[in-house]
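A.B. asks: Before I ask anything, let me first share the structure, which is written out below as structure tokens.
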Protein chains: 6
Amino acid sequence: MTTADLTRTLTLTAEELSDATALKGIFHQHKDGNPIPSGEVLRQIMDLLRAIIFPGYYGKSTVNTRTIKFHIGVNIEKLNQLLTDQIQAGLCFASCDDCGNSEKAVDNRHVAEEKAIALIKKLPTLRQTLATDVAAIYNGDPAASNFGEIISCYPAIKAMVNYRVAHELLLMDVPLIPRMLTELAHSETGIDIHPAAQIGQYFAIDHGTGVVIGATCIIGDNVKLYQGVTLGARSFPKDENGTPIKGIDRHPILENDVVVYSNATILGRVTIGKGSVVGANVWVTDDVEPNSRILKKTK
Amino acid sequence: MTTADLTRTLTLTAEELSDATALKGIFHQHKDGNPIPSGEVLRQIMDLLRAIIFPGYYGKSTVNTRTIKFHIGVNIEKLNQLLTDQIQAGLCFASCDDCGNSEKAVDNRHVAEEKAIALIKKLPTLRQTLATDVAAIYNGDPAASNFGEIISCYPAIKAMVNYRVAHELLLMDVPLIPRMLTELAHSETGIDIHPAAQIGQYFAIDHGTGVVIGATCIIGDNVKLYQGVTLGARSFPKDENGTPIKGIDRHPILENDVVVYSNATILGRVTIGKGSVVGANVWVTDDVEPNSRILKKTK
Amino acid sequence: MTTADLTRTLTLTAEELSDATALKGIFHQHKDGNPIPSGEVLRQIMDLLRAIIFPGYYGKSTVNTRTIKFHIGVNIEKLNQLLTDQIQAGLCFASCDDCGNSEKAVDNRHVAEEKAIALIKKLPTLRQTLATDVAAIYNGDPAASNFGEIISCYPAIKAMVNYRVAHELLLMDVPLIPRMLTELAHSETGIDIHPAAQIGQYFAIDHGTGVVIGATCIIGDNVKLYQGVTLGARSFPKDENGTPIKGIDRHPILENDVVVYSNATILGRVTIGKGSVVGANVWVTDDVEPNSRILKKTK
Amino acid sequence: MTTADLTRTLTLTAEELSDATALKGIFHQHKDGNPIPSGEVLRQIMDLLRAIIFPGYYGKSTVNTRTIKFHIGVNIEKLNQLLTDQIQAGLCFASCDDCGNSEKAVDNRHVAEEKAIALIKKLPTLRQTLATDVAAIYNGDPAASNFGEIISCYPAIKAMVNYRVAHELLLMDVPLIPRMLTELAHSETGIDIHPAAQIGQYFAIDHGTGVVIGATCIIGDNVKLYQGVTLGARSFPKDENGTPIKGIDRHPILENDVVVYSNATILGRVTIGKGSVVGANVWVTDDVEPNSRILKKTK
Amino acid sequence: MTTADLTRTLTLTAEELSDATALKGIFHQHKDGNPIPSGEVLRQIMDLLRAIIFPGYYGKSTVNTRTIKFHIGVNIEKLNQLLTDQIQAGLCFASCDDCGNSEKAVDNRHVAEEKAIALIKKLPTLRQTLATDVAAIYNGDPAASNFGEIISCYPAIKAMVNYRVAHELLLMDVPLIPRMLTELAHSETGIDIHPAAQIGQYFAIDHGTGVVIGATCIIGDNVKLYQGVTLGARSFPKDENGTPIKGIDRHPILENDVVVYSNATILGRVTIGKGSVVGANVWVTDDVEPNSRILKKTK
Amino acid sequence: MTTADLTRTLTLTAEELSDATALKGIFHQHKDGNPIPSGEVLRQIMDLLRAIIFPGYYGKSTVNTRTIKFHIGVNIEKLNQLLTDQIQAGLCFASCDDCGNSEKAVDNRHVAEEKAIALIKKLPTLRQTLATDVAAIYNGDPAASNFGEIISCYPAIKAMVNYRVAHELLLMDVPLIPRMLTELAHSETGIDIHPAAQIGQYFAIDHGTGVVIGATCIIGDNVKLYQGVTLGARSFPKDENGTPIKGIDRHPILENDVVVYSNATILGRVTIGKGSVVGANVWVTDDVEPNSRILKKTK
């Protein structure tokens, strides 16, 4: 192939791929010029959040009690800026056709600024809750010798920071971004928690790869899951058009003090009663009484 | 240890590690000076491909219908360059001892150029097929509110872009690279699809962590898998020397409209008939009639 | 919100998050000014180690037998420097309150230097052992056409490099870092191997997502695991205070030549006898005689 | 000094430097939260402009006539974005106290957008003018073998691209940025051209280090300067308060076809007549007749 | 040339260049393993210093009065760390043969820590002095409309920040680094000020390219220089061995309120009296009475 | 301006700038797809060369006599690769219309490989020569306390490394690149040496800003120049068409042991005899007898 043929082919393919008809099925509506939330920037946002919530463990700063506030101050200012932009992008994605210079864009900017600052004000509380998760892992793992090891090493902490931030954003009706944040953690840890799930304090996951926690799950305090646990839906009721009906409670409820061992599967809107233990590889689709022990028979 | 001792130890260890005998078991033949395909560059190639196929969602560009062709044009030119180099490296890896300046290297260059451009010409078709995968996920997930959310967030889409590109390259007899591409997606998503598997349109995977799809699988249209599903081999027939025989069909066939729920395992060259449903945690090693429902008995 | 209000809110939140009381539950003791081992630097260390152990496959260098020693030499010098710093950080993390300029810090520096050089001296042996893992995968996989493909593509190799390095560091009593290294591989591959586990030569893992190998596992030579296999603990005996007792042997022993198929779960201090095969999805909590075949009944 | 003393000193100094009184003499007015034009971003802007005006010579693209428009398209879109932001920053710097969210900021944004696009529309003309500068150098230098060598190597071209762009921006009343752009070239080339100077076509500078061209200079077509030439002011008339009076024509006029050799100094509002030659190291403070040769007597 | 020949040549040349004898004339003594101050890190140090002294104008931060202390705090901590390392490197360079782990190295570390913190404590005063330089330029240039323009654009400010910092470090007997810092500014601005020169307040340089200020110059307050001015030595008295005698006062003294116009040359230990004006291109090797006007006769 | 108008304007301008006619005057011939030597890569090449020639002073490595060869080895391999590519680009630039895949391109590749390796073989000699330049500066400057200070700080050394490398490449008939290399140094140091000039050993330049050394200069051993010295041409004889005649000796000859003080100008093919001194600001256009002292009369 001559150079001329080559460049002709490249040009033609580029044009074919840029044609409006070729983009059908990719864009759900006209979004001329609106930025879409960026996976890369959201990753930076999570890095900042981790450095703010667990200073010293994440981020580049060495912890010392006198200069720590400088680092947190700089990180919070940067976070506010990036988060506002991304929330605005999410709002434009969800609400307008051409946000370019319109009044809608200006409105979205104001709303984004308020949501970003609202999240930032929640950070001290979020850190307290995450500290309970650290404590829960520490208390349940004979291998862990101190909190620092858990914060540095355990994938569950990474997944929970993303989930707890994403959950707050979802409660504020921020579109798209909550799901992107939990998917970042899913990619990093193999733990897939839907941002709409409700999870109490002192929550622990061990190993974690393959854990799935569905959107309408309700999980109490002091619950522990092992790797490969699915808290899923059993079926999706459909409307008369055959479309899955949205918003139906379809995932399990785990009351306080429940433990679910590896690769167990709990499906549907069932309740696992307080203090129950679900054994490894067990399959559950019915309610479980409090303080039950649901174990698989060995071989 | 004095500085002098330290540098002596470093030097001696470096020499020991560089000795030809120390490299035995690492290199399968002499490869003096041939570059090997680079994981880092392949990652860049996938970033470019995602930005070309789903402009706006991936890559740094904001989508607008007038300037999009500039971005796609630049990305395609860059893609062509990187891909040609990597395919050449793959060909040299597979075919020659010292490709440095030989005629073989020149031949490989020409072949690489043609394969790279051939892939690029397939991109419009690949995008159409991937759009069916997006639609399949959208239709099956009550949580998804639009196509954009699926393209931005769902790991299955990342895995499928890599698989569909890798499969095309494998059909063109490009060595090594197809497998490296699907492993990049495996690392990112926990979904492990062999590039030689054959997968129809409208293919959906939910959550996805732990999914394994073997090399000789044949999957029809409109099939959906959940997390942890294994489509694997049951045994490897060996030849008289005890070496596994290559190229035997050893993985399942899933006909159109099959659904396989989480953590189900299907092993061997069995056929799951059209429209069948395989339940969560089910274990299948025999053929399944069309429209069957293979469910595990609950607890 | 006015700019003034915004900056006031940011400032107040930064101060609240920097307050000593707000950091309670995050730090287990006062660590004024000690650096903590950095995930980012450990990632660079693993990149260097992979480039040293498998030159050409990892790192930026093209392999040729004459200049390879330059690249390995430079990489080893860099490795020594980064590793010494990180080990020192790990030692400070484990042993002192304010390591800033103290004698303890100087001691830790010397100890770190010796441990770093000790690891480097082990590298030729580590490479030999890892070469047996490559050979084991090659011999067991009909799809693999040469060693290079395995080194380039198979996640098991990445996981094993990290594990074998981490295990050596753990044997040298380096704190924290071994666990961080295996977690890096866990995030990258979905394979979670505790650095304290003991694993023989010619060890193979196929696909790998979801594999968990506990801290007191003992695995012989020539063992193969498939994806989703758990080698876990059954229960944690507790002391009179209800705290899990440390250091009890609580994970399985796999003798030589054992194969465990996908998603099988083996729990507790049981022994799987030499040459046994444990089938997919099987659940084992008792000892298994040598040369047994523990299979799940099909559907 | 103990760690505690050290951090105390750092903290106190930081606070001292942040105190409002310590910033007096640095800020000319309150600029709470307005970004200031960034030297780093202006450098990127010049890189884009050079890549657009002289594609292939600057920037990363290889020149070919078919794909060049993709590169120029992408670069222009990026340029428009960066330039709009910087012009807005310049306008805020010059016009408002707290631009944060005010109406003034919105106005400045609109004005910035129009000025950015106006500059972009001037680019084809600017390139034509710069091509005359390239031709002028080529025709006057026995060492130059083709245009490409001049564009690639000659500092005068870098200085002229910056000057001609800066001059356009200054004509559009963009504050601060024109001067910053010519200072970037000054740092890079040693050629210091004030953006307000007026310079005709076919302008050449050889070597260039130390050349100074003042703000009210008027230079005709086909003029050539050598290194170290100063076209400066002789004195600054002051008003009754002793402040230099602004806007007075105080620098030389060089008519068409003038040549000024190295280290010559021409001061004040004098006119060097058409076709004149000013010799090296000559000192001129009076008008020069057309076609004169003002030479220094040799030793 | 075959690949084998090529690699042989590269290897041989590398060895030849690494041979101890080939390094003679390059190293003045054995420096086994001591780091040498790094031009790249010194550049970062100057970036930090500029961002601390002129926040908003340099560095990435937007200026606002409430969060500015966070940015300055972080920058000062980073500065302290980098500067301590570089000063230590400078001390080792000047004082020891093998600083690797010796007591000398520990001493140098302590000395470096004290010198770094001493410089930091001087920063508020340095900023005040630099503010006088800004004011001096502002008052003397009809083109400058505000302080911000001068800080952002004028090369003299960059040169003076480097000089004033370097001068402080030289007064503290920090070796090598002061000279490297002023050379960084020399490269950036064409203004070459020896760090040992003594320069008063309200010092202005216009344009600046080619200015040279020698090591034993003494310059009063409120002095202004134009481009190309040399304040140099006339001759170097030599000792009986023909070696230039060190430490002799050999450069000019400029008393308060002196102005020196472009390309003037003042050589030797002469005194230019208070309030004098030295015209462009003038050559001075004798003392000048106060309030003189030394002008070149025009043509 | 609406978003639509904006994108239309950007698109139209991009097309206008990409039009073949708009590129006239920019390209001297059709160069479809040939890469042009890259300023950015040449900068990397100089960084490598400086790190190879003056290890420890430049580049990131700490000098120690045992591991230095690893660093030099890696740098030489990288240098060979980058330099070969750039020389090939230079050859294509000078010799062919469409080098894309032609035989000419293959030829150019081979020639480039030989020239790159030839330069590398010259490096030990080049380092020896540069060491004489270091010694010359050391011997002539009362401020310099050791060789290391000169290598680290003095711009003359940077300029001479670039010049001596560029001169070798020019002797090998490498097009374009020699000039680009000396221009890099010109931008960095203000010293402009034409790569074709011939310069002996023990060459020193002090300060250096504004020095110009023309293409046909011949400079003996042990010569010293100060800042602002011009060794230029006096006139360019033209042929009957008015084009400057190439290749005529038009710049000065400086015999051994000549010193030229600051801002002196020597023009034309004159000879400055052995041991002569040319004073500051002196203007010379005639031959000078050996051992002369050409001084300007003071004021």
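The chains in the structure tokens are called A, B, ... from first to last as shown; in each chain the residues are counted from 1, and the ligands are counted from 1 in the order shown.
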How would you write, as a VMD selection string, the set of residues in region 74-237 of chain A that DSSP gives as helix (DSSP H, G or I)?
C.D. replies: chain A and resid 74 to 95 103 to 140 147 to 153 155 to 171 177 to 189
A.B. asks: As a list in words, could you give me every residue of chain D near chain B (at most 10 Å apart, counting only C-alpha atoms)?
C.D. replies: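 Matching residues, ligands excluded from the count: Ser61, Thr62, Thr67, Ile68, Lys69, Phe70, His71, Ile72, Gly73, Val74, Asn75, Ile76, Glu77 and Lys78 of chain D.
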A.B. asks: Got a sec: who's within 7 Å of region 173-177 of chain A, counting only C-alpha atoms, leaving out chain neighbours fewer than 4 positions off, as a list in words?
C.D. replies: Ile87, Gly90, Leu91, Ala94, Leu169 and Leu181 of chain A; Glu149 of chain B
A.B. asks: Could you write out that same residue set with C-alpha atoms as a short mmCIF file (atom, residue, chain, number, x, y, z; two decimals), in the first residue's frame?
C.D. replies:
data_model
loop_
_atom_site.label_atom_id
_atom_site.label_comp_id
_atom_site.auth_asym_id
_atom_site.auth_seq_id
_atom_site.Cartn_x
_atom_site.Cartn_y
_atom_site.Cartn_z
CA ILE A 87 -21.04 17.56 38.90
CA GLY A 90 -23.17 15.24 35.13
CA LEU A 91 -26.07 17.68 35.38
CA ALA A 94 -28.77 14.48 32.40
CA LEU A 169 -23.76 12.21 45.97
CA LEU A 181 -17.22 6.22 41.37
CA GLU B 149 -24.50 5.66 31.51
#
A.B. asks: Fewer than 3 positions away in the same chain doesn't count, so skip those; otherwise give me all residues within 10 Å of Asp19 (chain B), counting only C-alpha atoms, as a short mmCIF file (atom, residue, chain, number, x, y, z; two decimals) with N, CA, C and O atoms, in the first residue's frame.
C.D. replies:
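To be explicit, this is the file written out as selection.cif:
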data_model
loop_
_atom_site.label_atom_id
_atom_site.label_comp_id
_atom_site.auth_asym_id
_atom_site.auth_seq_id
_atom_site.Cartn_x
_atom_site.Cartn_y
_atom_site.Cartn_z
N THR B 13 25.42 -8.99 41.52
CA THR B 13 24.07 -9.52 41.30
C THR B 13 23.58 -9.15 39.91
O THR B 13 22.95 -9.96 39.22
N ALA B 14 23.86 -7.94 39.49
CA ALA B 14 23.46 -7.54 38.13
C ALA B 14 24.11 -8.44 37.10
O ALA B 14 23.47 -8.87 36.13
N GLU B 15 25.37 -8.76 37.31
CA GLU B 15 26.04 -9.63 36.34
C GLU B 15 25.49 -11.04 36.37
O GLU B 15 25.28 -11.67 35.33
N GLU B 16 25.22 -11.52 37.57
CA GLU B 16 24.64 -12.86 37.68
C GLU B 16 23.30 -12.94 36.97
O GLU B 16 23.01 -13.89 36.24
N ALA B 22 21.48 -17.63 33.30
CA ALA B 22 20.44 -17.21 34.25
C ALA B 22 19.15 -16.86 33.55
O ALA B 22 18.10 -16.72 34.19
N LEU B 23 19.23 -16.69 32.25
CA LEU B 23 18.03 -16.32 31.50
C LEU B 23 17.34 -17.52 30.89
O LEU B 23 16.29 -17.40 30.27
N LYS B 24 17.98 -18.68 31.05
CA LYS B 24 17.37 -19.90 30.52
C LYS B 24 16.03 -20.10 31.23
O LYS B 24 15.89 -19.84 32.41
N THR C 65 21.57 -9.67 24.30
CA THR C 65 22.41 -10.32 25.30
C THR C 65 23.61 -9.47 25.71
O THR C 65 24.20 -9.70 26.75
N ARG C 66 23.97 -8.50 24.90
CA ARG C 66 25.16 -7.73 25.25
C ARG C 66 24.87 -6.52 26.13
O ARG C 66 25.62 -6.19 27.03
N ILE C 68 22.05 -6.09 27.91
CA ILE C 68 21.07 -6.35 28.97
C ILE C 68 21.63 -6.03 30.35
O ILE C 68 20.92 -5.57 31.24
N LYS C 69 22.92 -6.26 30.54
CA LYS C 69 23.48 -6.03 31.88
C LYS C 69 23.46 -4.56 32.27
O LYS C 69 23.37 -4.23 33.44
#
A.B. asks: From the DSSP assignment of the backbone, select every residue of region 30-263 of chain B that is strand (DSSP E or B), and format the answer as a short mmCIF file (atom, residue, chain, number, x, y, z; two decimals) with N, CA, C and O atoms, in the first residue's frame.
C.D. replies:
data_model
loop_
_atom_site.label_atom_id
_atom_site.label_comp_id
_atom_site.auth_asym_id
_atom_site.auth_seq_id
_atom_site.Cartn_x
_atom_site.Cartn_y
_atom_site.Cartn_z
N PRO B 55 -16.62 8.27 21.08
CA PRO B 55 -16.04 9.60 21.28
C PRO B 55 -16.84 10.38 22.32
O PRO B 55 -18.06 10.30 22.36
N TYR B 58 -14.90 8.44 26.16
CA TYR B 58 -13.50 8.16 26.45
C TYR B 58 -12.65 9.20 25.72
O TYR B 58 -13.11 9.80 24.76
N ASP B 192 -12.77 -12.38 31.92
CA ASP B 192 -11.68 -13.02 31.18
C ASP B 192 -12.25 -13.74 29.95
O ASP B 192 -12.74 -14.86 30.05
N ILE B 193 -12.18 -13.06 28.81
CA ILE B 193 -12.71 -13.63 27.56
C ILE B 193 -11.54 -13.99 26.65
O ILE B 193 -10.73 -13.11 26.33
N GLN B 198 -16.09 -17.09 20.04
CA GLN B 198 -16.97 -16.45 19.05
C GLN B 198 -18.23 -15.97 19.76
O GLN B 198 -18.95 -16.78 20.34
N ILE B 199 -18.50 -14.67 19.67
CA ILE B 199 -19.63 -14.10 20.41
C ILE B 199 -20.50 -13.27 19.48
O ILE B 199 -19.99 -12.42 18.75
N ALA B 204 -24.60 -9.33 26.65
CA ALA B 204 -24.57 -8.56 27.89
C ALA B 204 -23.93 -9.36 29.01
O ALA B 204 -24.10 -10.57 29.11
N ILE B 205 -23.15 -8.64 29.84
CA ILE B 205 -22.62 -9.24 31.06
C ILE B 205 -22.97 -8.28 32.19
O ILE B 205 -22.74 -7.08 32.06
N VAL B 212 -15.45 -16.22 33.05
CA VAL B 212 -14.41 -16.82 32.21
C VAL B 212 -15.07 -17.41 30.99
O VAL B 212 -15.99 -18.23 31.11
N ILE B 213 -14.61 -17.00 29.79
CA ILE B 213 -15.15 -17.53 28.53
C ILE B 213 -13.99 -18.13 27.75
O ILE B 213 -13.09 -17.42 27.31
N ILE B 218 -18.71 -20.89 21.62
CA ILE B 218 -19.50 -20.24 20.56
C ILE B 218 -20.77 -19.71 21.22
O ILE B 218 -21.55 -20.48 21.78
N ILE B 219 -20.94 -18.40 21.15
CA ILE B 219 -22.06 -17.77 21.83
C ILE B 219 -22.91 -17.05 20.81
O ILE B 219 -22.39 -16.28 20.00
N LYS B 224 -27.00 -13.36 27.76
CA LYS B 224 -26.61 -12.56 28.93
C LYS B 224 -25.98 -13.42 30.00
O LYS B 224 -26.49 -14.48 30.35
N LEU B 225 -24.85 -12.96 30.53
CA LEU B 225 -24.17 -13.67 31.61
C LEU B 225 -24.12 -12.77 32.84
O LEU B 225 -24.01 -11.55 32.72
N THR B 230 -18.57 -19.37 34.63
CA THR B 230 -17.46 -20.02 33.91
C THR B 230 -18.01 -20.82 32.73
O THR B 230 -18.87 -21.69 32.92
N LEU B 231 -17.49 -20.48 31.54
CA LEU B 231 -17.74 -21.33 30.36
C LEU B 231 -16.41 -22.00 30.05
O LEU B 231 -15.60 -21.45 29.30
N GLY B 232 -16.16 -23.18 30.68
CA GLY B 232 -14.81 -23.73 30.66
C GLY B 232 -14.69 -25.08 29.98
O GLY B 232 -15.65 -25.62 29.44
N LYS B 238 -4.91 -35.66 25.82
CA LYS B 238 -3.48 -35.52 25.58
C LYS B 238 -3.03 -36.48 24.48
O LYS B 238 -3.66 -37.51 24.25
N PRO B 244 -1.04 -31.74 26.05
CA PRO B 244 -2.43 -31.44 25.68
C PRO B 244 -2.53 -31.21 24.17
O PRO B 244 -1.70 -30.50 23.59
N ILE B 253 -21.19 -24.34 23.83
CA ILE B 253 -21.93 -23.55 22.83
C ILE B 253 -23.19 -23.02 23.49
O ILE B 253 -23.97 -23.79 24.05
N LEU B 254 -23.37 -21.70 23.46
CA LEU B 254 -24.62 -21.11 23.96
C LEU B 254 -25.39 -20.58 22.78
O LEU B 254 -24.94 -19.66 22.09
N VAL B 259 -29.66 -17.16 28.98
CA VAL B 259 -29.26 -16.37 30.14
C VAL B 259 -28.58 -17.30 31.14
O VAL B 259 -29.10 -18.38 31.42
N VAL B 260 -27.40 -16.88 31.66
CA VAL B 260 -26.73 -17.70 32.66
C VAL B 260 -26.51 -16.83 33.90
O VAL B 260 -25.81 -15.82 33.84
#
A.B. asks: Which is closest to Asp257 (chain C) among C:Ala156, C:Ala118, C:Ile245, C:Ala136, if we use only C-alpha atoms?
C.D. replies: C:Ala136
A.B. asks: Within 10 Å of region 227-229 of chain C, counting only C-alpha atoms, which residues show up once you throw out same-chain ones fewer than 5 positions away? Write them as number ranges by chain, please.
C.D. replies: A: 209-210, 227-228, 263; B: 210-212, 228, 230, 263; C: 190-191, 205-213, 260-266, 280-282
A.B. asks: Show which residues sit within 9 Å of Thr271 (chain F), as number ranges by chain. Count only C-alpha atoms, and ignore same-chain residues fewer than 4 positions away.
C.D. replies: F: 252-255, 286-289
A.B. asks: Write the residues you've just listed into a file as an mmCIF file, in the first residue's frame, and include N, CA and C atoms for each of them.
C.D. replies:
data_model
loop_
_atom_site.group_PDB
_atom_site.id
_atom_site.type_symbol
_atom_site.label_atom_id
_atom_site.label_comp_id
_atom_site.auth_asym_id
_atom_site.auth_seq_id
_atom_site.Cartn_x
_atom_site.Cartn_y
_atom_site.Cartn_z
ATOM 1 N N PRO F 252 36.506 35.631 10.787
ATOM 2 C CA PRO F 252 37.905 35.789 11.240
ATOM 3 C C PRO F 252 38.613 34.473 11.569
ATOM 4 N N ILE F 253 39.933 34.566 11.555
ATOM 5 C CA ILE F 253 40.813 33.514 12.066
ATOM 6 C C ILE F 253 41.449 34.035 13.347
ATOM 7 N N LEU F 254 41.298 33.266 14.447
ATOM 8 C CA LEU F 254 41.963 33.634 15.701
ATOM 9 C C LEU F 254 43.041 32.595 15.955
ATOM 10 N N GLU F 255 44.285 33.026 15.964
ATOM 11 C CA GLU F 255 45.370 32.070 16.220
ATOM 12 C C GLU F 255 45.429 31.722 17.712
ATOM 13 N N ASP F 286 40.596 44.567 10.338
ATOM 14 C CA ASP F 286 41.872 44.318 9.657
ATOM 15 C C ASP F 286 42.671 43.268 10.408
ATOM 16 N N ASP F 287 43.679 42.717 9.748
ATOM 17 C CA ASP F 287 44.554 41.760 10.400
ATOM 18 C C ASP F 287 45.249 42.400 11.594
ATOM 19 N N VAL F 288 45.572 41.555 12.581
ATOM 20 C CA VAL F 288 46.266 42.026 13.766
ATOM 21 C C VAL F 288 47.534 41.183 13.930
ATOM 22 N N GLU F 289 48.632 41.864 14.127
ATOM 23 C CA GLU F 289 49.933 41.177 14.299
ATOM 24 C C GLU F 289 49.927 40.280 15.544
#
A.B. asks: List the neighbours of Met160 (chain C) out to 12 Å using only C-alpha atoms; skip same-chain residues closer than 6 positions along the sequence, and give me the result as JSON, numbers by chain.
C.D. replies: {"C": [46, 50, 53, 126, 127, 129, 130, 131, 132, 133, 134, 137, 151, 154, 166, 167, 181, 182, 183, 184, 185, 186, 188, 189, 191, 192, 193, 194, 195, 197, 198, 199, 200, 201, 202, 203, 204, 205, 208, 213]}
A.B. asks: For CA of Thr9 (chain A) and CA of Leu49 (chain B), quote the distance in Å rounded to one decimal.
C.D. replies: 16.7 Å
A.B. asks: So the first atom is CA of Lys104 (chain F) and the second is CA of Lys121 (chain B); what is the distance between them in Å, to one decimal place?
C.D. replies: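 Interatomic distance here is 28.9 Å.
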